[in-house]
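Novice: Structure below; questions to follow.
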Amino acid sequence: MVKRLMMCSIMLAFAAVPASAQVFGSQRISVEPYIGYGFFGDLPEAGPELEAAMAYGARAAYQFSPQWALFGNFQRSKPEVVNVTEAEVTVDHWSAGVEFAYVPRGGAEGMLPILMEAGLGQARYDYGGLAGGEGSDLAMNLGLASALQLSPNFAIRYGANDYISNYAEEGITNQIFVHVGAELSF
């Protein structure tokens with residue numbers, strides 16, 4: 001009888017755990033290598049026009065509660081410069097900030113989490129041999145993502161981020177990247 005009572009108590013305690021804790025488990029640290037595709041938008045007059053390009057990067061996070069995490073992110077892309085023969089620029093984005101995880105309740109079993117992130121960092125441009133050389137701007141990173149949890153330690157994470165910066169102090173630019181990666185938790 002005591003064993004049955006303990007077993008029922010354990011099952012009730014597990015059922016009472018928030019859905020987000022059931023989705024993410026008890027792992028607190030995660031790393032994610034990813035690939036993406038970036039749209040650079042219209043740069044102000046001071047900057048060249050950049051083609052959309054592939055990006056690669058990595059993200060690390062520390063989850064300090066079921067809904068909140070701290071993250072750090074770095075990505076690099078090498079878009080071509082429009083109307084300049086064989087010209088390529090290296091664009092680096094890095095940011096650090098907070099993430100909020102929300103798992104809808106009342107829906108179907110296994111709802112995917114909605115992950116919202118906001119952070120501050122930098123957008124750096126290296127034009128190589130082009131006039132202007134290098135430049136860097138303070139950037140704000142706003143993102144929306146989700147993750148398909150395949151095991152307690154592995155998920156496929158996908159989403160979009162908008163890096164907003166004041167390009168060379170000439171005007172606001174939005175650079176939007178969509179990405180997918182393998183998130184490893186431990």
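Residue numbering restarts at 1 for every chain of the structure tokens, chains are lettered A, B, ... in their displayed order, and ligands are numbered from 1 as they appear.
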Need to verify the contact set: Ile29 of chain A, 10 Å, only C-alpha atoms, exclusion of same-chain residues closer than 3 positions in sequence. Can you return it as a ChimeraX atom specification?
Specialist: /A:26,60-64,69-71,184-186
Novice: What's around Ile156 of chain A at 8 Å? Count only C-alpha atoms, leave out sequence neighbours fewer than 4 positions away in its own chain, and write the answer as a VMD selection string.
Specialist: chain A and resid 147 to 150 180 to 183
Novice: Taking into account only C-alpha atoms, which residue in the set A:Gly47, A:Pro152, A:Pro113, A:Gly72 is nearest to Thr173 of chain A?
Specialist: A:Gly47
Novice: Could you give me, as a list in words, the residues within 8 Å of Pro79 of chain A, counting only C-alpha atoms and dropping anything in the same chain fewer than 6 positions from it?
Specialist: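 Near neighbours after the sequence-gap exclusion: Leu50, Glu51, Ala52, Ala53, Met54, Glu88, Val89, Thr90 and Val91 of chain A.
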Novice: Selection from above, all heavy atoms, as a PDB file, in the first residue's frame, can you write it?
Specialist:
ATOM      1  N   LEU A  50      24.298  44.846 -50.472  1.00  0.00           N
ATOM      2  CA  LEU A  50      24.767  43.486 -50.237  1.00  0.00           C
ATOM      3  C   LEU A  50      23.711  42.478 -50.673  1.00  0.00           C
ATOM      4  O   LEU A  50      22.529  42.653 -50.402  1.00  0.00           O
ATOM      5  CB  LEU A  50      25.091  43.283 -48.754  1.00  0.00           C
ATOM      6  CG  LEU A  50      26.106  44.242 -48.138  1.00  0.00           C
ATOM      7  CD1 LEU A  50      26.275  43.947 -46.653  1.00  0.00           C
ATOM      8  CD2 LEU A  50      27.430  44.155 -48.852  1.00  0.00           C
ATOM      9  N   GLU A  51      24.168  41.406 -51.326  1.00  0.00           N
ATOM     10  CA  GLU A  51      23.285  40.306 -51.721  1.00  0.00           C
ATOM     11  C   GLU A  51      22.935  39.480 -50.490  1.00  0.00           C
ATOM     12  O   GLU A  51      23.682  39.451 -49.511  1.00  0.00           O
ATOM     13  CB  GLU A  51      23.998  39.393 -52.728  1.00  0.00           C
ATOM     14  CG  GLU A  51      24.228  39.998 -54.075  1.00  0.00           C
ATOM     15  CD  GLU A  51      22.967  40.046 -54.925  1.00  0.00           C
ATOM     16  OE1 GLU A  51      22.019  39.280 -54.649  1.00  0.00           O
ATOM     17  OE2 GLU A  51      22.941  40.863 -55.858  1.00  0.00           O
ATOM     18  N   ALA A  52      21.821  38.767 -50.543  1.00  0.00           N
ATOM     19  CA  ALA A  52      21.489  37.796 -49.499  1.00  0.00           C
ATOM     20  C   ALA A  52      22.547  36.687 -49.531  1.00  0.00           C
ATOM     21  O   ALA A  52      23.110  36.394 -50.593  1.00  0.00           O
ATOM     22  CB  ALA A  52      20.102  37.225 -49.740  1.00  0.00           C
ATOM     23  N   ALA A  53      22.847  36.083 -48.372  1.00  0.00           N
ATOM     24  CA  ALA A  53      23.931  35.101 -48.324  1.00  0.00           C
ATOM     25  C   ALA A  53      23.736  34.098 -47.198  1.00  0.00           C
ATOM     26  O   ALA A  53      22.993  34.341 -46.241  1.00  0.00           O
ATOM     27  CB  ALA A  53      25.265  35.822 -48.132  1.00  0.00           C
ATOM     28  N   MET A  54      24.445  32.987 -47.314  1.00  0.00           N
ATOM     29  CA  MET A  54      24.469  31.959 -46.268  1.00  0.00           C
ATOM     30  C   MET A  54      25.221  32.503 -45.053  1.00  0.00           C
ATOM     31  O   MET A  54      26.099  33.341 -45.191  1.00  0.00           O
ATOM     32  CB  MET A  54      25.187  30.695 -46.753  1.00  0.00           C
ATOM     33  CG  MET A  54      24.462  29.946 -47.848  1.00  0.00           C
ATOM     34  SD  MET A  54      22.904  29.213 -47.304  1.00  0.00           S
ATOM     35  CE  MET A  54      23.441  28.051 -46.093  1.00  0.00           C
ATOM     36  N   GLU A  88      33.591  40.955 -52.052  1.00  0.00           N
ATOM     37  CA  GLU A  88      32.887  40.241 -50.997  1.00  0.00           C
ATOM     38  C   GLU A  88      33.189  40.930 -49.667  1.00  0.00           C
ATOM     39  O   GLU A  88      34.286  41.426 -49.454  1.00  0.00           O
ATOM     40  CB  GLU A  88      33.380  38.784 -50.963  1.00  0.00           C
ATOM     41  CG  GLU A  88      32.543  37.869 -50.131  1.00  0.00           C
ATOM     42  CD  GLU A  88      33.009  36.431 -50.267  1.00  0.00           C
ATOM     43  OE1 GLU A  88      34.001  36.071 -49.607  1.00  0.00           O
ATOM     44  OE2 GLU A  88      32.380  35.680 -51.025  1.00  0.00           O
ATOM     45  N   VAL A  89      32.205  40.975 -48.807  1.00  0.00           N
ATOM     46  CA  VAL A  89      32.374  41.568 -47.491  1.00  0.00           C
ATOM     47  C   VAL A  89      32.129  40.479 -46.459  1.00  0.00           C
ATOM     48  O   VAL A  89      31.322  39.580 -46.682  1.00  0.00           O
ATOM     49  CB  VAL A  89      31.429  42.781 -47.303  1.00  0.00           C
ATOM     50  CG1 VAL A  89      29.985  42.377 -47.425  1.00  0.00           C
ATOM     51  CG2 VAL A  89      31.660  43.461 -45.981  1.00  0.00           C
ATOM     52  N   THR A  90      32.830  40.531 -45.354  1.00  0.00           N
ATOM     53  CA  THR A  90      32.573  39.612 -44.246  1.00  0.00           C
ATOM     54  C   THR A  90      31.762  40.368 -43.202  1.00  0.00           C
ATOM     55  O   THR A  90      32.169  41.439 -42.746  1.00  0.00           O
ATOM     56  CB  THR A  90      33.890  39.118 -43.613  1.00  0.00           C
ATOM     57  OG1 THR A  90      34.646  38.446 -44.620  1.00  0.00           O
ATOM     58  CG2 THR A  90      33.619  38.170 -42.467  1.00  0.00           C
ATOM     59  N   VAL A  91      30.602  39.815 -42.854  1.00  0.00           N
ATOM     60  CA  VAL A  91      29.731  40.441 -41.865  1.00  0.00           C
ATOM     61  C   VAL A  91      29.625  39.503 -40.666  1.00  0.00           C
ATOM     62  O   VAL A  91      29.227  38.349 -40.805  1.00  0.00           O
ATOM     63  CB  VAL A  91      28.324  40.726 -42.443  1.00  0.00           C
ATOM     64  CG1 VAL A  91      27.446  41.383 -41.393  1.00  0.00           C
ATOM     65  CG2 VAL A  91      28.414  41.585 -43.682  1.00  0.00           C
TER      66      VAL A  91
END
Novice: Counting only C-alpha atoms, which of A:Ala101, A:Leu43, A:Val81, A:Ile35 gets nearest to Gln67 of chain A?
Specialist: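 Among A:Ala101, A:Leu43, A:Val81, A:Ile35, it is A:Ala101 that comes nearest to Gln67 of chain A.
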Novice: Given the choices A:Phe39, A:Tyr34, A:Trp68, A:Tyr167, which gets closest to Tyr102 of chain A if the distance is worked out from only C-alpha atoms?
Specialist: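 For Tyr102 of chain A, the nearest of the candidates is A:Trp68.
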Novice: Select, from A:Asn153, A:Gln75, A:Gln122, A:Ser30, the residue with the minimum atom-to-atom distance to Gly135 of chain A, counting only C-alpha atoms.
Specialist: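 Of A:Asn153, A:Gln75, A:Gln122, A:Ser30, the one nearest Gly135 of chain A is A:Gln122, counting only C-alpha atoms.
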